[in-house]
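Reproduced below: data.txt, with compact mmCIF, C-alpha atoms (C1' of nucleotides).
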```
# COMPACT_ATOMS: atom_id res chain seq x y z
CA MET A 1 -24.05 -4.46 -19.24
CA ILE A 2 -21.43 -5.92 -16.93
CA SER A 3 -22.86 -6.43 -13.46
CA PHE A 4 -21.36 -5.24 -10.19
CA GLU A 5 -24.26 -6.35 -8.06
CA ASP A 6 -22.30 -9.01 -6.23
CA PHE A 7 -19.23 -6.83 -5.84
CA LYS A 8 -18.06 -6.55 -2.26
CA MET A 9 -15.35 -4.18 -1.12
CA ALA A 10 -12.60 -5.86 0.86
CA GLU A 11 -9.57 -4.71 2.79
CA GLY A 12 -6.00 -5.58 2.03
CA SER A 13 -5.84 -4.59 -1.61
CA PRO A 14 -6.52 -1.30 -3.41
CA ILE A 15 -10.03 -0.68 -4.68
CA TYR A 16 -8.94 -0.29 -8.28
CA VAL A 17 -7.27 -3.71 -8.10
CA GLN A 18 -10.47 -5.24 -6.76
CA ILE A 19 -12.48 -3.75 -9.60
CA LEU A 20 -9.97 -5.06 -12.11
CA ARG A 21 -10.08 -8.49 -10.52
CA HIS A 22 -13.85 -8.52 -10.49
CA ILE A 23 -13.97 -7.98 -14.23
CA LYS A 24 -11.25 -10.50 -14.95
CA ARG A 25 -13.01 -13.13 -12.90
CA GLY A 26 -16.10 -12.41 -14.96
CA ILE A 27 -14.11 -12.97 -18.12
CA VAL A 28 -12.84 -16.30 -16.84
CA ALA A 29 -16.27 -17.35 -15.59
CA GLY A 30 -17.81 -16.45 -18.94
CA THR A 31 -20.22 -13.83 -17.61
CA VAL A 32 -18.22 -11.06 -19.29
CA ARG A 33 -18.06 -11.43 -23.06
CA ASP A 34 -16.65 -9.67 -26.08
CA GLY A 35 -18.57 -6.48 -26.86
CA ASP A 36 -20.17 -6.25 -23.44
CA GLU A 37 -20.82 -2.75 -22.20
CA LEU A 38 -19.19 -1.46 -19.02
CA PRO A 39 -20.94 0.90 -16.62
CA SER A 40 -19.79 4.48 -17.06
CA ARG A 41 -17.11 5.78 -14.67
CA ARG A 42 -19.62 7.99 -12.92
CA MET A 43 -22.30 5.34 -12.64
CA LEU A 44 -19.99 2.74 -11.17
CA SER A 45 -18.30 5.14 -8.79
CA ALA A 46 -21.69 6.16 -7.45
CA LEU A 47 -22.76 2.54 -7.15
CA LEU A 48 -19.64 1.51 -5.26
CA GLY A 49 -19.41 4.72 -3.26
CA VAL A 50 -15.91 5.54 -4.45
CA ASN A 51 -14.28 8.31 -6.39
CA PRO A 52 -14.61 8.35 -10.20
CA ASN A 53 -10.84 8.52 -10.43
CA THR A 54 -10.57 5.18 -8.71
CA VAL A 55 -12.82 3.55 -11.30
CA GLN A 56 -10.95 5.32 -14.06
CA LYS A 57 -7.70 3.83 -12.85
CA ALA A 58 -9.10 0.32 -13.09
CA TYR A 59 -10.60 0.98 -16.53
CA ARG A 60 -7.37 2.48 -17.74
CA MET A 61 -5.41 -0.60 -16.78
CA LEU A 62 -8.01 -2.79 -18.44
CA GLU A 63 -7.58 -0.80 -21.62
CA GLU A 64 -3.79 -0.91 -21.44
CA GLU A 65 -4.02 -4.67 -21.38
CA GLY A 66 -6.09 -4.53 -24.54
CA LEU A 67 -9.15 -6.04 -22.91
CA MET A 68 -11.34 -2.96 -23.28
CA GLN A 69 -11.92 -0.13 -25.72
CA SER A 70 -13.05 3.37 -24.89
CA HIS A 71 -13.52 6.40 -27.09
CA SER A 72 -14.07 9.87 -25.78
CA GLY A 73 -17.76 10.48 -25.30
CA ALA A 74 -18.83 6.96 -26.23
CA LYS A 75 -19.54 3.91 -24.14
CA SER A 76 -16.76 1.57 -23.06
CA LEU A 77 -16.89 -1.93 -24.48
CA MET A 78 -15.05 -5.12 -23.67
CA GLN A 79 -12.72 -6.31 -26.39
CA LEU A 80 -12.13 -10.02 -25.99
CA ASP A 81 -11.44 -11.17 -29.51
CA GLY A 82 -8.85 -13.70 -30.55
CA GLY A 83 -8.56 -15.91 -27.52
CA LYS A 84 -7.92 -13.08 -25.08
CA ALA A 85 -10.34 -14.63 -22.62
CA GLU A 86 -8.32 -17.82 -22.60
CA LEU A 87 -5.15 -15.83 -21.99
CA VAL A 88 -6.71 -14.11 -19.00
CA ARG A 89 -7.88 -17.43 -17.68
CA ALA A 90 -4.43 -18.96 -17.97
CA GLU A 91 -2.71 -15.94 -16.44
CA LEU A 92 -5.11 -15.72 -13.52
CA THR A 93 -5.20 -19.38 -12.62
CA ARG A 94 -1.46 -19.75 -12.96
CA SER A 95 -0.68 -16.74 -10.79
CA ILE A 96 -3.11 -17.76 -8.07
CA ALA A 97 -2.36 -21.45 -8.01
CA GLY A 98 1.36 -20.85 -8.48
CA GLU A 99 1.78 -18.58 -5.50
CA LEU A 100 -0.10 -20.86 -3.21
CA THR A 101 1.38 -24.17 -4.19
CA SER A 102 4.78 -22.59 -3.79
CA ALA A 103 3.89 -21.26 -0.35
CA LEU A 104 2.48 -24.57 0.86
CA ARG A 105 5.45 -26.46 -0.51
CA HIS A 106 7.85 -24.22 1.42
CA MET A 107 5.96 -25.11 4.57
CA GLY A 108 6.89 -28.72 4.10
CA LEU A 109 3.53 -30.04 2.92
CA THR A 110 3.34 -32.85 0.41
CA LEU A 111 1.20 -32.80 -2.71
CA GLY A 112 -1.15 -35.29 -1.12
CA GLN A 113 -1.62 -33.14 1.94
CA VAL A 114 -2.30 -30.07 -0.19
CA VAL A 115 -4.93 -31.84 -2.27
CA GLU A 116 -6.57 -33.16 0.86
CA LEU A 117 -6.56 -29.67 2.35
CA ILE A 118 -8.09 -28.13 -0.78
CA GLU A 119 -10.87 -30.69 -0.85
CA LYS A 120 -11.71 -29.98 2.75
CA MET A 121 -11.64 -26.20 2.26
CA TRP A 122 -13.83 -26.56 -0.79
CA GLU A 123 -16.61 -28.09 1.25
CA ASP A 124 -16.25 -25.67 4.14
CA ASP A 125 -16.27 -22.67 1.83
CA GLU A 126 -19.56 -23.73 0.28
CA GLU A 127 -22.34 -21.24 0.80
CA MET B 128 20.21 -19.39 15.62
CA ILE B 129 17.38 -19.03 13.11
CA SER B 130 18.74 -18.93 9.60
CA PHE B 131 17.96 -16.35 6.93
CA GLU B 132 20.40 -17.71 4.40
CA ASP B 133 17.73 -18.77 1.95
CA PHE B 134 15.69 -15.62 2.41
CA LYS B 135 14.90 -13.86 -0.84
CA MET B 136 13.32 -10.44 -1.00
CA ALA B 137 10.30 -10.26 -3.26
CA GLU B 138 8.06 -7.50 -4.55
CA GLY B 139 4.38 -7.17 -3.89
CA SER B 140 4.36 -7.45 -0.13
CA PRO B 141 6.09 -5.39 2.61
CA ILE B 142 9.48 -6.57 3.80
CA TYR B 143 8.33 -7.00 7.39
CA VAL B 144 5.56 -9.31 6.20
CA GLN B 145 8.06 -11.37 4.28
CA ILE B 146 10.28 -11.68 7.34
CA LEU B 147 7.30 -12.70 9.42
CA ARG B 148 6.27 -15.23 6.84
CA HIS B 149 9.77 -16.63 6.60
CA ILE B 150 9.84 -17.35 10.32
CA LYS B 151 6.33 -18.79 10.38
CA ARG B 152 7.15 -21.08 7.51
CA GLY B 153 10.16 -22.21 9.51
CA ILE B 154 7.91 -22.98 12.45
CA VAL B 155 5.60 -25.02 10.27
CA ALA B 156 8.47 -26.80 8.53
CA GLY B 157 10.04 -27.59 11.91
CA THR B 158 13.32 -25.77 11.34
CA VAL B 159 12.37 -23.14 13.93
CA ARG B 160 11.89 -24.58 17.42
CA ASP B 161 11.03 -23.45 20.91
CA GLY B 162 13.91 -21.56 22.53
CA ASP B 163 15.70 -20.86 19.26
CA GLU B 164 17.62 -17.63 19.15
CA LEU B 165 16.74 -14.95 16.63
CA PRO B 166 19.35 -12.74 14.97
CA SER B 167 19.49 -9.29 16.54
CA ARG B 168 17.61 -6.50 14.78
CA ARG B 169 20.83 -4.88 13.65
CA MET B 170 22.43 -8.09 12.46
CA LEU B 171 19.46 -9.13 10.40
CA SER B 172 18.85 -5.66 8.99
CA ALA B 173 22.48 -5.53 7.86
CA LEU B 174 22.22 -9.00 6.37
CA LEU B 175 19.06 -8.19 4.43
CA GLY B 176 20.10 -4.65 3.59
CA VAL B 177 17.05 -3.05 5.18
CA ASN B 178 16.36 -0.70 8.04
CA PRO B 179 16.45 -2.01 11.63
CA ASN B 180 12.93 -0.66 12.10
CA THR B 181 11.67 -2.97 9.39
CA VAL B 182 13.05 -5.97 11.23
CA GLN B 183 11.73 -4.58 14.50
CA LYS B 184 8.23 -4.39 13.07
CA ALA B 185 8.31 -8.04 12.12
CA TYR B 186 9.74 -9.05 15.51
CA ARG B 187 7.18 -6.92 17.31
CA MET B 188 4.31 -8.65 15.56
CA LEU B 189 5.86 -12.00 16.31
CA GLU B 190 5.98 -11.05 19.97
CA GLU B 191 2.41 -9.77 20.01
CA GLU B 192 1.29 -13.15 18.77
CA GLY B 193 3.10 -14.72 21.69
CA LEU B 194 5.54 -16.62 19.49
CA MET B 195 8.64 -14.78 20.67
CA GLN B 196 10.05 -13.21 23.80
CA SER B 197 12.37 -10.23 23.98
CA HIS B 198 13.74 -8.31 26.95
CA SER B 199 15.50 -4.98 26.65
CA GLY B 200 19.17 -5.58 26.15
CA ALA B 201 18.93 -9.35 25.98
CA LYS B 202 18.63 -11.77 23.10
CA SER B 203 15.29 -12.61 21.51
CA LEU B 204 14.12 -16.18 21.79
CA MET B 205 11.33 -18.12 20.14
CA GLN B 206 8.56 -19.20 22.47
CA LEU B 207 6.71 -22.12 20.97
CA ASP B 208 5.44 -24.00 23.99
CA GLY B 209 2.07 -25.66 24.31
CA GLY B 210 1.20 -26.55 20.77
CA LYS B 211 1.73 -23.06 19.38
CA ALA B 212 3.56 -24.49 16.41
CA GLU B 213 0.54 -26.55 15.50
CA LEU B 214 -1.67 -23.47 15.78
CA VAL B 215 0.57 -21.56 13.40
CA ARG B 216 0.51 -24.46 11.00
CA ALA B 217 -3.27 -24.64 11.04
CA GLU B 218 -3.69 -20.89 10.67
CA LEU B 219 -1.21 -20.59 7.82
CA THR B 220 -2.43 -23.50 5.78
CA ARG B 221 -6.06 -22.55 6.25
CA SER B 222 -5.55 -18.93 5.22
CA ILE B 223 -3.53 -19.84 2.17
CA ALA B 224 -5.71 -22.70 1.00
CA GLY B 225 -8.83 -20.70 1.82
CA GLU B 226 -7.83 -17.81 -0.41
CA LEU B 227 -7.00 -20.18 -3.20
CA THR B 228 -10.21 -22.16 -3.17
CA SER B 229 -12.32 -19.03 -2.81
CA ALA B 230 -10.59 -17.23 -5.68
CA LEU B 231 -10.66 -20.17 -8.05
CA ARG B 232 -14.26 -20.98 -7.20
CA HIS B 233 -15.34 -17.46 -8.12
CA MET B 234 -13.71 -17.96 -11.49
CA GLY B 235 -16.06 -20.82 -12.19
CA LEU B 236 -13.62 -23.68 -11.75
CA THR B 237 -14.76 -27.00 -10.37
CA LEU B 238 -13.02 -28.87 -7.58
CA GLY B 239 -11.72 -31.39 -10.09
CA GLN B 240 -10.20 -28.67 -12.24
CA VAL B 241 -8.57 -27.07 -9.22
CA VAL B 242 -6.99 -30.32 -8.08
CA GLU B 243 -5.75 -30.98 -11.58
CA LEU B 244 -4.29 -27.48 -11.76
CA ILE B 245 -2.53 -27.86 -8.43
CA GLU B 246 -1.00 -31.15 -9.45
CA LYS B 247 0.31 -29.63 -12.65
CA MET B 248 1.70 -26.55 -10.89
CA TRP B 249 3.34 -28.79 -8.33
CA GLU B 250 5.40 -30.52 -10.98
CA ASP B 251 6.28 -27.31 -12.81
CA ASP B 252 7.37 -25.58 -9.63
CA GLU B 253 9.81 -28.35 -8.80
CA GLU B 254 13.38 -27.20 -8.69
C1' DG C 255 -29.36 22.08 -32.15
C1' DA C 256 -29.87 21.56 -27.10
C1' DA C 257 -29.52 18.64 -23.24
C1' DA C 258 -27.64 14.92 -21.02
C1' DC C 259 -24.51 11.85 -20.90
C1' DT C 260 -19.93 10.04 -22.04
C1' DG C 261 -14.53 9.71 -21.60
C1' DT C 262 -10.51 12.34 -20.35
C1' DA C 263 -7.44 15.48 -17.93
C1' DT C 264 -5.68 18.46 -14.26
C1' DT C 265 -4.67 20.11 -9.73
C1' DA C 266 -4.89 19.76 -4.87
C1' DT C 267 -5.38 17.45 -0.53
C1' DA C 268 -5.22 13.75 2.94
C1' DC C 269 -3.72 9.68 5.00
C1' DG C 270 -1.32 5.51 6.10
C1' DA C 271 2.31 2.17 5.10
C1' DG C 272 6.93 1.56 4.75
C1' DT C 273 11.33 2.95 5.49
C1' DG C 274 15.37 5.77 7.12
C1' DA C 275 18.22 8.05 10.73
C1' DT C 276 19.25 8.63 15.28
C1' DA C 277 19.30 8.43 20.30
C1' DC C 278 18.54 6.27 24.86
C1' DG C 279 18.69 2.78 28.38
C1' DC C 280 19.52 -2.11 29.57
C1' DT C 281 22.38 -6.60 29.57
C1' DT C 282 26.20 -9.15 28.77
C1' DT C 283 31.04 -9.87 28.60
C1' DC C 284 35.57 -9.18 29.60
C1' DG D 285 33.25 -0.60 35.41
C1' DA D 286 33.94 0.07 30.50
C1' DA D 287 32.85 -1.49 25.99
C1' DA D 288 30.02 -3.77 22.87
C1' DG D 289 25.85 -5.39 21.66
C1' DC D 290 21.07 -5.58 22.66
C1' DG D 291 15.96 -3.95 22.55
C1' DT D 292 13.28 0.18 22.29
C1' DA D 293 11.44 4.78 21.08
C1' DT D 294 10.97 8.88 18.34
C1' DC D 295 10.95 12.00 14.43
C1' DA D 296 11.04 12.67 9.46
C1' DC D 297 10.54 11.46 4.76
C1' DT D 298 8.73 9.15 0.56
C1' DC D 299 5.26 6.88 -1.96
C1' DG D 300 0.93 4.68 -3.14
C1' DT D 301 -3.82 5.13 -2.62
C1' DA D 302 -7.96 7.54 -2.51
C1' DT D 303 -10.56 11.59 -2.58
C1' DA D 304 -12.28 16.12 -4.15
C1' DA D 305 -13.38 19.67 -7.33
C1' DT D 306 -13.45 21.10 -11.79
C1' DA D 307 -12.95 21.53 -16.71
C1' DC D 308 -13.34 20.30 -21.59
C1' DA D 309 -14.43 17.80 -25.74
C1' DG D 310 -16.97 14.08 -27.98
C1' DT D 311 -21.53 11.19 -28.44
C1' DT D 312 -26.01 10.17 -27.99
C1' DT D 313 -30.82 11.22 -27.57
C1' DC D 314 -34.71 13.79 -28.23
```
Just give me the structure as structure tokens.
Amino acid sequence: MISFEDFKMAEGSPIYVQILRHIKRGIVAGTVRDGDELPSRRMLSALLGVNPNTVQKAYRMLEEEGLMQSHSGAKSLMQLDGGKAELVRAELTRSIAGELTSALRHMGLTLGQVVELIEKMWEDDEE
Amino acid sequence: MISFEDFKMAEGSPIYVQILRHIKRGIVAGTVRDGDELPSRRMLSALLGVNPNTVQKAYRMLEEEGLMQSHSGAKSLMQLDGGKAELVRAELTRSIAGELTSALRHMGLTLGQVVELIEKMWEDDEE
DNA sequence: GAAACTGTATTATACGAGTGATACGCTTTC
DNA sequence: GAAAGCGTATCACTCGTATAATACAGTTTC
């Protein structure tokens, strides 16, 4: 069963996007695997304190991307066959790193400065 | 006069945020300096093809942060005295790099992998 | 087979962000 | 002082997001 224990609601982006991101991060991190069972819409909505429709929206998008399978009445299972996990990893890292390198470059920073900055942030961010 | 020639509208974030970001990037890059004149709300809105209110919102936020001064009827001028530019630089780089490291860390990447990724993206992004 | 759960669908409501249209008063310029 | 341009304020509209309340059909479990 995919865990949402460490899920924390944040501001700035829609809830359904956060749910989607949480699952995708799990895929990349390896904690979400092919065939894994997702919490039911009702269960998860109760756990997160949100409306079932909000969870449904996230699940729907997951299914439209072919990363999940759900049949009426049955449980919803992750579907990560055929290198899909690697695709998600590539897409996610590229989109995140791409946006930010581009932004920092436009601010006039050099590659060296960016790397230095990242290394410093990495330590500070440590919990 | 602060230039918006290379301004490109993007999707995903509000227009007023993009305008704000464009100016702040200019501050960090050094192309926007203390006392510089901003285009009038109407001029810029016509140039970008958006509503004057959208520009006003960006300018208002700029003023609330103390980075700009505007008097009714007169021109709007940048106000970057006393190391404000350096503050903007620190704030911007920290927020961007912070998001990046946090997001990539949660995906299970190591610092080494992140640095490698950044270096690769840096080359690819080159125009 | 009945109960409890599942996914799915529909309709309605609320709210804020973002944008559009317009008007008013002030400053500058000639 | 009149005109043009400026900043400012207000009202209205759309759209995305989230919620709420149900309803129905399929499956699992006992």
> Counting all atoms listed in the file, which residues from chain C have an atom at most 10 Å from any atom of chain B, and could you show them as a VMD selection string?
Replying inline: chain C and resid 271 to 275 279 to 282
>> Ranking D:DA302, D:DA296, D:DC308, D:DA286 by minimum distance to chain A and counting all atoms listed in the file, which one comes first?
In response: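 Nearest candidate to chain A out of D:DA302, D:DA296, D:DC308, D:DA286: D:DA302.
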>> Give me, as a list in words, the residues of chain A touching chain B, with the criterion being at most 6 Å (counting only C-alpha atoms).
In response: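 Taken together, these residues fit the definition: Arg25, Val28, Ala29, Met107 and Gly108 of chain A.
The residue set within 10 Å of B:Gln183, counting all atoms listed in the file and dropping same-chain residues fewer than 6 places from it, reads B:Tyr143, B:Ser167, B:Arg168, B:Arg169, B:Leu171, B:Ser172, B:Leu189, D:DG291, D:DT292.
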> Which of these residues is nearest to chain A, using all atoms listed in the file: D:DA305, D:DC297, D:DA288, D:DC314?
Replying inline: D:DA305
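For the pair atom CA of A:Leu77 and atom C1' of C:DA257, the separation is 24.2 Å.
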> What does the distance from atom CA of A:Met78 to atom CA of A:Lys8 come to in Å, to one decimal?
Replying inline: 21.7 Å
>> Need to verify the contact set: B:Phe134, 9 Å, all atoms listed in the file, exclusion of same-chain residues closer than 5 positions in sequence. Can you return it as a list in words?
In response: Gln145, Ile146, His149 and Leu175 of chain B
Once you count all atoms listed in the file, which residues of chain D turn out to be within 10 Å of chain A? Could you give them as a PDB file with C-alpha atoms (C1' of nucleotides), keeping the file's coordinate frame?
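Here's the written file part.pdb:
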```pdb
ATOM      1  C1'  DG D 300       0.930   4.680  -3.140  1.00  0.00           C
ATOM      2  C1'  DT D 301      -3.820   5.130  -2.620  1.00  0.00           C
ATOM      3  C1'  DA D 302      -7.960   7.540  -2.510  1.00  0.00           C
ATOM      4  C1'  DT D 303     -10.560  11.590  -2.580  1.00  0.00           C
ATOM      5  C1'  DA D 304     -12.280  16.120  -4.150  1.00  0.00           C
ATOM      6  C1'  DA D 309     -14.430  17.800 -25.740  1.00  0.00           C
ATOM      7  C1'  DG D 310     -16.970  14.080 -27.980  1.00  0.00           C
ATOM      8  C1'  DT D 311     -21.530  11.190 -28.440  1.00  0.00           C
ATOM      9  C1'  DT D 312     -26.010  10.170 -27.990  1.00  0.00           C
TER      10       DT D 312
END
```
>> Nearest residue to C:DT264 out of D:DA287, D:DT294, D:DT306, D:DC299, using only C-alpha atoms (C1' of nucleotides)?
In response: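 Among D:DA287, D:DT294, D:DT306, D:DC299, it is D:DT306 that comes nearest to C:DT264.
Distance-wise, atom CA of A:Leu80 and atom CA of A:Glu37 end up 11.9 Å apart.
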